[in-house]
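Asker: Data: input-v4.txt, compact mmCIF, C-alpha atoms.
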# COMPACT_ATOMS: atom_id res chain seq x y z
CA MET J 1 1.71 -6.65 20.64
CA SER J 2 -1.43 -6.48 22.75
CA PHE J 3 -4.57 -4.80 21.46
CA ILE J 4 -4.04 -1.88 23.87
CA GLU J 5 -0.50 -1.37 22.57
CA ILE J 6 -1.72 -1.38 18.96
CA VAL J 7 -4.43 1.19 19.70
CA VAL J 8 -2.25 3.53 21.76
CA LEU J 9 0.80 3.47 19.46
CA ALA J 10 -1.22 3.84 16.24
CA ILE J 11 -3.18 6.80 17.59
CA ILE J 12 0.00 8.41 18.91
CA GLN J 13 1.66 8.04 15.51
CA GLY J 14 -1.35 9.42 13.66
CA LEU J 15 -1.71 12.47 15.90
CA THR J 16 1.93 13.35 16.44
CA GLU J 17 2.92 13.01 12.78
CA PHE J 18 1.10 16.27 12.06
CA LEU J 19 0.74 18.07 15.40
CA PRO J 20 3.82 20.16 16.33
CA ILE J 21 4.50 18.14 19.49
CA SER J 22 7.09 15.50 18.50
CA SER J 23 6.22 11.89 17.74
CA SER J 24 9.51 10.56 19.14
CA ALA J 25 8.81 12.06 22.57
CA HIS J 26 5.38 10.48 22.70
CA LEU J 27 6.49 7.10 21.39
CA LEU J 28 9.15 7.12 24.11
CA LEU J 29 6.57 7.43 26.89
CA PRO J 30 4.97 3.96 26.62
CA SER J 31 8.35 2.22 26.55
CA GLN J 32 9.77 4.29 29.43
CA VAL J 33 6.70 4.48 31.65
CA LEU J 34 4.92 1.19 30.86
CA GLY J 35 7.91 -0.92 29.81
CA TRP J 36 6.50 -1.72 26.36
CA GLN J 37 8.87 -3.21 23.82
CA ASP J 38 9.64 -1.65 20.43
CA GLN J 39 6.66 -2.09 18.09
CA GLY J 40 8.80 -3.51 15.29
CA LEU J 41 9.50 -2.59 11.69
CA ALA J 42 6.30 -4.04 10.22
CA PHE J 43 4.14 -1.93 12.52
CA ASP J 44 6.17 1.17 11.58
CA VAL J 45 5.38 0.50 7.93
CA ALA J 46 1.67 0.09 8.69
CA VAL J 47 1.25 3.31 10.65
CA HIS J 48 3.24 5.28 8.08
CA VAL J 49 0.93 3.97 5.36
CA GLY J 50 -2.03 5.08 7.47
CA THR J 51 -0.73 8.62 7.98
CA LEU J 52 0.25 8.90 4.30
CA LEU J 53 -3.25 7.91 3.17
CA ALA J 54 -4.74 10.45 5.57
CA VAL J 55 -2.79 13.43 4.22
CA VAL J 56 -3.24 12.35 0.59
CA ILE J 57 -7.00 11.90 0.94
CA TYR J 58 -7.45 15.13 2.89
CA PHE J 59 -5.55 17.17 0.29
CA ARG J 60 -6.69 15.12 -2.72
CA LYS J 61 -8.16 18.08 -4.61
CA ASP J 62 -5.07 20.20 -3.96
CA ILE J 63 -2.79 17.35 -5.03
CA VAL J 64 -4.65 16.88 -8.32
CA SER J 65 -4.47 20.62 -9.01
CA LEU J 66 -0.78 20.83 -8.06
CA LEU J 67 0.21 17.84 -10.18
CA ALA J 68 -1.79 19.11 -13.17
CA GLY J 69 -0.01 22.46 -12.95
CA TRP J 70 3.36 20.76 -12.46
CA PHE J 71 3.02 18.59 -15.57
CA LYS J 72 1.96 21.63 -17.61
CA SER J 73 5.10 23.45 -16.47
CA PHE J 74 7.20 21.01 -18.53
CA SER J 75 5.58 22.44 -21.67
CA GLY J 76 6.30 26.01 -20.58
CA THR J 77 2.92 26.81 -18.99
CA HIS J 78 3.53 28.07 -15.48
CA SER J 79 1.03 28.78 -12.74
CA LYS J 80 0.92 29.29 -9.00
CA GLU J 81 0.17 25.57 -8.66
CA SER J 82 3.23 24.55 -10.67
CA ARG J 83 5.46 26.92 -8.71
CA LEU J 84 4.18 25.54 -5.42
CA THR J 85 4.78 21.97 -6.59
CA TRP J 86 8.34 22.82 -7.57
CA CYS J 87 8.77 24.35 -4.10
CA ILE J 88 7.72 21.01 -2.59
CA VAL J 89 10.28 19.27 -4.83
CA VAL J 90 13.02 21.68 -3.73
CA ALA J 91 12.03 21.31 -0.07
CA THR J 92 12.40 17.53 -0.38
CA ILE J 93 15.96 17.63 -1.75
CA PRO J 94 17.73 18.18 1.63
CA PHE J 95 15.92 15.13 3.05
CA VAL J 96 16.94 12.95 0.09
CA ILE J 97 20.58 13.98 0.37
CA LEU J 98 21.12 14.39 4.11
CA ALA J 99 18.78 11.90 5.81
CA PRO J 100 20.81 8.80 4.79
CA LEU J 101 24.04 10.52 5.87
CA LEU J 102 22.66 11.58 9.26
CA LYS J 103 20.90 8.32 10.08
CA ASP J 104 23.87 6.59 11.73
CA ILE J 105 24.90 9.76 13.62
CA VAL J 106 21.41 10.09 15.07
CA GLU J 107 21.23 6.40 16.02
CA VAL J 108 24.60 6.47 17.80
CA TYR J 109 24.66 9.90 19.44
CA LEU J 110 21.16 11.39 19.60
CA ARG J 111 18.79 8.49 20.30
CA SER J 112 18.49 9.37 23.96
CA ALA J 113 15.63 10.34 26.25
CA TRP J 114 17.61 13.37 27.45
CA VAL J 115 18.03 14.63 23.88
CA ILE J 116 14.30 14.16 23.28
CA ALA J 117 13.37 16.06 26.44
CA THR J 118 15.77 18.92 25.67
CA SER J 119 14.80 19.33 22.02
CA THR J 120 11.11 19.14 22.94
CA ILE J 121 11.61 22.24 25.10
CA VAL J 122 14.05 24.13 22.84
CA PHE J 123 12.05 23.75 19.65
CA GLY J 124 8.86 24.45 21.57
CA LEU J 125 10.30 27.83 22.59
CA LEU J 126 11.32 28.47 18.98
CA LEU J 127 7.74 27.75 17.88
CA TRP J 128 6.53 30.25 20.49
CA TYR J 129 8.95 32.90 19.19
CA ALA J 130 7.81 32.38 15.59
CA ASP J 131 4.15 32.50 16.59
CA VAL J 132 4.58 35.76 18.51
CA LYS J 133 7.16 37.64 16.44
CA ALA J 134 6.67 36.58 12.80
CA LYS J 135 4.69 38.83 10.41
CA GLN J 136 2.44 36.03 9.07
CA ILE J 137 1.15 37.88 6.00
CA LYS J 138 1.76 35.45 3.11
CA ASP J 139 0.10 32.29 1.83
CA GLU J 140 1.95 29.21 0.59
CA PHE J 141 1.79 30.37 -3.03
CA ALA J 142 4.12 33.27 -2.16
CA LEU J 143 7.00 30.87 -1.50
CA ASN J 144 9.99 30.79 -3.87
CA TRP J 145 12.74 28.25 -4.30
CA LYS J 146 14.95 29.91 -1.67
CA SER J 147 12.17 29.79 0.92
CA ALA J 148 11.44 26.18 -0.05
CA LEU J 149 15.09 25.25 0.44
CA ILE J 150 15.08 26.85 3.90
CA LEU J 151 11.96 24.86 4.77
CA GLY J 152 13.63 21.70 3.47
CA LEU J 153 16.69 22.34 5.62
CA ALA J 154 14.42 22.95 8.59
CA GLN J 155 12.68 19.66 7.89
CA ILE J 156 15.94 17.72 8.01
CA THR J 157 16.58 18.95 11.57
CA ALA J 158 13.61 16.78 12.55
CA VAL J 159 16.01 13.81 12.49
CA ILE J 160 16.94 15.07 15.97
CA PRO J 161 14.55 13.17 18.24
CA GLY J 162 12.04 15.45 19.95
CA THR J 163 12.15 18.15 17.29
CA SER J 164 8.86 17.33 15.47
CA ARG J 165 8.87 17.43 11.67
CA SER J 166 5.63 19.38 11.49
CA GLY J 167 6.67 21.61 14.38
CA ILE J 168 9.96 22.75 12.87
CA THR J 169 8.56 23.22 9.35
CA ILE J 170 5.61 25.25 10.66
CA THR J 171 8.06 27.29 12.74
CA ALA J 172 10.22 27.96 9.68
CA GLY J 173 7.15 28.81 7.60
CA LEU J 174 6.00 31.36 10.18
CA LEU J 175 9.47 32.94 10.33
CA LEU J 176 9.39 33.22 6.52
CA GLY J 177 6.19 35.24 6.77
CA LEU J 178 3.53 32.61 6.11
CA ASP J 179 0.28 32.84 8.04
CA LYS J 180 -0.49 29.97 10.41
CA LYS J 181 -2.83 28.04 8.12
CA SER J 182 -0.54 28.39 5.10
CA ALA J 183 2.51 27.30 7.11
CA ALA J 184 0.61 24.23 8.30
CA ARG J 185 -0.76 23.42 4.83
CA PHE J 186 2.70 23.56 3.25
CA SER J 187 4.12 21.49 6.09
CA PHE J 188 1.48 18.82 5.46
CA LEU J 189 1.97 18.88 1.69
CA MET J 190 5.76 18.62 1.94
CA SER J 191 5.30 15.65 4.27
CA ILE J 192 3.84 13.54 1.46
CA PRO J 193 7.10 12.76 -0.41
CA VAL J 194 8.99 12.36 2.88
CA ILE J 195 6.50 9.92 4.43
CA SER J 196 6.34 8.08 1.08
CA MET J 197 10.11 7.62 0.99
CA MET J 198 10.22 6.54 4.63
CA GLY J 199 7.46 4.03 3.95
CA LEU J 200 9.32 2.63 0.96
CA TYR J 201 12.54 2.41 2.97
CA TYR J 202 10.85 0.58 5.84
CA SER J 203 9.03 -1.68 3.37
CA PHE J 204 12.32 -2.63 1.72
CA GLU J 205 13.89 -3.41 5.09
CA LEU J 206 10.85 -5.48 6.01
CA ALA J 207 10.88 -7.37 2.70
CA THR J 208 14.58 -8.20 3.02
CA GLY J 209 14.40 -9.09 6.71
CA ASP J 210 12.98 -12.05 8.59
CA GLU J 211 10.48 -10.32 10.86
CA VAL J 212 7.27 -12.26 11.45
CA VAL J 213 4.23 -10.28 10.24
CA ASP J 214 1.07 -10.06 12.35
CA TRP J 215 -1.42 -8.93 9.70
CA ASN J 216 -4.21 -8.21 12.17
CA ALA J 217 -1.93 -5.85 14.08
CA LEU J 218 -0.77 -4.17 10.86
CA LEU J 219 -4.26 -3.59 9.49
CA SER J 220 -5.50 -2.33 12.83
CA GLY J 221 -2.51 -0.03 13.19
CA ALA J 222 -2.88 1.36 9.66
CA ALA J 223 -6.61 1.99 10.11
CA LEU J 224 -6.23 3.68 13.50
CA SER J 225 -3.30 5.84 12.40
CA PHE J 226 -5.30 6.88 9.31
CA ILE J 227 -8.33 7.92 11.39
CA SER J 228 -6.31 9.79 14.01
CA ALA J 229 -4.11 11.52 11.40
CA TYR J 230 -7.08 12.60 9.28
CA ALA J 231 -8.91 13.96 12.34
CA CYS J 232 -5.71 15.70 13.44
CA ILE J 233 -5.27 17.50 10.11
CA PHE J 234 -8.95 18.50 9.97
CA PHE J 235 -9.16 19.95 13.48
CA PHE J 236 -5.65 21.43 13.53
CA LEU J 237 -6.31 23.56 10.44
CA LYS J 238 -9.65 24.64 11.94
CA ILE J 239 -8.33 25.84 15.28
CA ILE J 240 -4.86 27.29 14.74
CA GLU J 241 -6.11 30.59 13.32
CA ARG J 242 -8.14 31.19 16.50
CA MET J 243 -5.87 29.59 19.08
CA GLY J 244 -2.45 30.07 17.54
CA MET J 245 0.46 27.83 18.52
CA MET J 246 0.52 28.67 22.22
CA PRO J 247 -1.40 25.57 23.41
CA PHE J 248 1.14 23.35 21.63
CA VAL J 249 4.05 25.38 23.01
CA ILE J 250 2.73 24.99 26.57
CA TYR J 251 2.15 21.28 26.01
CA ARG J 252 5.71 20.81 24.69
CA LEU J 253 7.20 22.63 27.66
CA LEU J 254 5.18 20.56 30.14
CA LEU J 255 6.08 17.35 28.31
CA GLY J 256 9.79 18.21 28.19
CA VAL J 257 9.92 19.17 31.85
CA GLY J 258 7.93 16.06 32.76
CA LEU J 259 10.36 13.85 30.85
CA ILE J 260 13.34 15.49 32.56
CA ALA J 261 11.72 15.00 35.96
CA PHE J 262 10.95 11.36 35.19
CA LEU J 263 14.48 10.68 33.94
CA SER J 264 16.00 12.39 36.99
CA LEU J 265 13.96 10.28 39.37
CA SER J 266 14.33 6.96 37.57
Rewrite the structure from the file as C-alpha cells, please.

Answerer:
Amino acid sequence: MSFIEIVVLAIIQGLTEFLPISSSAHLLLPSQVLGWQDQGLAFDVAVHVGTLLAVVIYFRKDIVSLLAGWFKSFSGTHSKESRLTWCIVVATIPFVILAPLLKDIVEVYLRSAWVIATSTIVFGLLLWYADVKAKQIKDEFALNWKSALILGLAQITAVIPGTSRSGITITAGLLLGLDKKSAARFSFLMSIPVISMMGLYYSFELATGDEVVDWNALLSGAALSFISAYACIFFFLKIIERMGMMPFVIYRLLLGVGLIAFLSLS
C-alpha cells in the first residue's frame, strides 16, 4: 500500500465507522474509481483497533461507571447504569448469533456495488423519516430489554453493505423515542463489543494465515483511524442537536445516486 492509500483508507474507516453514512460505500469508492486493490486483512485489524480505542477513550468515564454498576447488579444492587449495561449486552446478542450465519450469504449475494448504492439511498430515507417523525423525548437510560433487542436486531441489518451500522442503530433509536444525542451515544456504546469481536475475529484470521505484515502501514493506519474516529465522535455529538440528521441524509442520497450513475456509465 502506498502512503496515500494508507492515509485515505484509514481516515475513511475512522470517520465512517461512526457517521451514519456507510463505511462500505466509501471504501468501495477508491477501488472502483482509482483502481486500488483490497487493503488486506492486517490493515483491517489495524483500523478496527484504532476506531475501538477512539470510542473507548472518548467514553472512558461512562464505561467505568457502567461497568461498576453492572458488577454491582450481580449482588442485587441495581441502578440506571447497570440497566443500561445490560441493555448493551442484550443488544449484542443478535450480532453474536446471526452475524456468523449471515456472513456467507452476504459474501455470495450482497457484496455488490449495486446493493451498496441501493441500501445507501433506502436507509438514508429511513433515517430522514426517523429524524422528522419520531418523538425524540427519551434518553438512553429509558431503554429496556425489549428496546435493546430491537436495536440489536437493527444493528445486524448492517451486514447488508451500504446500510451503516451507526446509521441504522441511530435510526432505530430515534424511532424508539430517543433524542438524537442519546440515540447516537447508545449507538457508539453498543459498537464497543461489536468492534471488539470483529477485531478478535480478524486477528485470529491474521494469526492463522500467511499474510505478510507491513508494520509501518499498520501503525500508521491505526493511528490515523483513531484520530479521525475520535474527532468524528466529538464533533458529531456536538452538532446533531442543532443540525439534525438531514445533512447526512442528503449526503447519503447524493452518494447513492452518484454510485448508480457511475455504475451505469462504467

Asker: What is the distance between atom CA of J:Ser225 and atom CA of J:Ile192, in Å to one decimal?

Answerer: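 Distance reported for this atom pair: 15.2 Å.
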
Asker: Tell me, counting only C-alpha atoms, for each residue of stretch 170-203 of chain J within 10 Å of stretch 227-247 of chain J, which pair of atoms is nearest and how far apart they are in Å to one decimal, in rows ordered by chain and increasing number, as JSON lines.

Answerer:
{"residue": "J:Ile170", "atom": "CA", "partner": "J:Met245", "partner_atom": "CA", "distance": 9.7}
{"residue": "J:Thr171", "atom": "CA", "partner": "J:Met245", "partner_atom": "CA", "distance": 9.6}
{"residue": "J:Asp179", "atom": "CA", "partner": "J:Glu241", "partner_atom": "CA", "distance": 8.6}
{"residue": "J:Lys180", "atom": "CA", "partner": "J:Glu241", "partner_atom": "CA", "distance": 6.4}
{"residue": "J:Lys181", "atom": "CA", "partner": "J:Leu237", "partner_atom": "CA", "distance": 6.1}
{"residue": "J:Ser182", "atom": "CA", "partner": "J:Leu237", "partner_atom": "CA", "distance": 9.2}
{"residue": "J:Ala184", "atom": "CA", "partner": "J:Leu237", "partner_atom": "CA", "distance": 7.3}
{"residue": "J:Arg185", "atom": "CA", "partner": "J:Leu237", "partner_atom": "CA", "distance": 7.9}
{"residue": "J:Phe188", "atom": "CA", "partner": "J:Ile233", "partner_atom": "CA", "distance": 8.3}

Asker: Do you have the atom CA of J:Thr16-atom CA of J:Leu66 distance handy?

Answerer: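 These two atoms are separated by 25.8 Å.
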
Asker: With a distance cut-off of 6 Å and all atoms listed in the file, select the neighbouring residues of stretch 111-124 of chain J, excluding the residue or stretch itself and same-chain residues fewer than 4 positions from it, and output the selection as a list of chain:residue names.

Answerer: J:Ala25, J:Glu107, J:Pro161, J:Gly162, J:Thr163, J:Val249, J:Arg252, J:Leu253, J:Gly256, J:Leu259

Asker: Using all atoms listed in the file, give me every residue within 10 Å of (14.1, 18.3, -0.2) in file coordinates, as a tab-separated table (two decimals) with C-alpha atoms, in the frame of the given file.

Answerer:
chain	number	residue	atom	x	y	z
J	87	CYS	CA	8.77	24.35	-4.10
J	88	ILE	CA	7.72	21.01	-2.59
J	89	VAL	CA	10.28	19.27	-4.83
J	90	VAL	CA	13.02	21.68	-3.73
J	91	ALA	CA	12.03	21.31	-0.07
J	92	THR	CA	12.40	17.53	-0.38
J	93	ILE	CA	15.96	17.63	-1.75
J	94	PRO	CA	17.73	18.18	1.63
J	95	PHE	CA	15.92	15.13	3.05
J	96	VAL	CA	16.94	12.95	0.09
J	97	ILE	CA	20.58	13.98	0.37
J	98	LEU	CA	21.12	14.39	4.11
J	99	ALA	CA	18.78	11.90	5.81
J	148	ALA	CA	11.44	26.18	-0.05
J	149	LEU	CA	15.09	25.25	0.44
J	150	ILE	CA	15.08	26.85	3.90
J	151	LEU	CA	11.96	24.86	4.77
J	152	GLY	CA	13.63	21.70	3.47
J	153	LEU	CA	16.69	22.34	5.62
J	154	ALA	CA	14.42	22.95	8.59
J	155	GLN	CA	12.68	19.66	7.89
J	156	ILE	CA	15.94	17.72	8.01
J	190	MET	CA	5.76	18.62	1.94
J	193	PRO	CA	7.10	12.76	-0.41
J	194	VAL	CA	8.99	12.36	2.88

Asker: Taking 6 positions as the minimum chain separation for residues in the same chain, which residues sit within 9 Å of J:Leu189 when counting all atoms listed in the file? Answer as a PDB file with C-alpha atoms, in the frame of the given file.

Answerer:
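After the write, selection-v5.pdb holds the following:
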ATOM      1  CA  VAL J  55      -2.790  13.430   4.220  1.00  0.00           C
ATOM      2  CA  VAL J  56      -3.240  12.350   0.590  1.00  0.00           C
ATOM      3  CA  PHE J  59      -5.550  17.170   0.290  1.00  0.00           C
ATOM      4  CA  ILE J  63      -2.790  17.350  -5.030  1.00  0.00           C
ATOM      5  CA  ILE J  88       7.720  21.010  -2.590  1.00  0.00           C
TER       6      ILE J  88
END

Asker: Please enclose the listed atoms of stretch 5-9 of chain J in an axis-aligned box, pad each side by 4 Å, and write out the centre and the three edge lengths in Å, rounded to one decimal, as lines of an AutoDock Vina configuration file.

Answerer:
center_x = -1.8
center_y = 1.1
center_z = 20.8
size_x = 13.2
size_y = 12.9
size_z = 11.6

Asker: So the first atom is atom CA of J:Leu224 and the second is atom CA of J:Val7; what is the distance between them in Å, to one decimal place?

Answerer: 6.9 Å

Asker: Could you list, with a cut-off of 6 Å and counting all atoms listed in the file, the residues of stretch 150-231 of chain J near stretch 130-135 of chain J, each shown with its nearest atom pair and the distance in Å rounded to one decimal, rows sorted by chain and ascending number, as JSON lines?

Answerer:
{"residue": "J:Thr171", "atom": "CA", "partner": "J:Ala130", "partner_atom": "CA", "distance": 5.8}
{"residue": "J:Leu174", "atom": "CA", "partner": "J:Ala130", "partner_atom": "CA", "distance": 5.8}
{"residue": "J:Leu175", "atom": "CA", "partner": "J:Ala134", "partner_atom": "CA", "distance": 5.2}
{"residue": "J:Gly177", "atom": "CA", "partner": "J:Lys135", "partner_atom": "CA", "distance": 5.3}
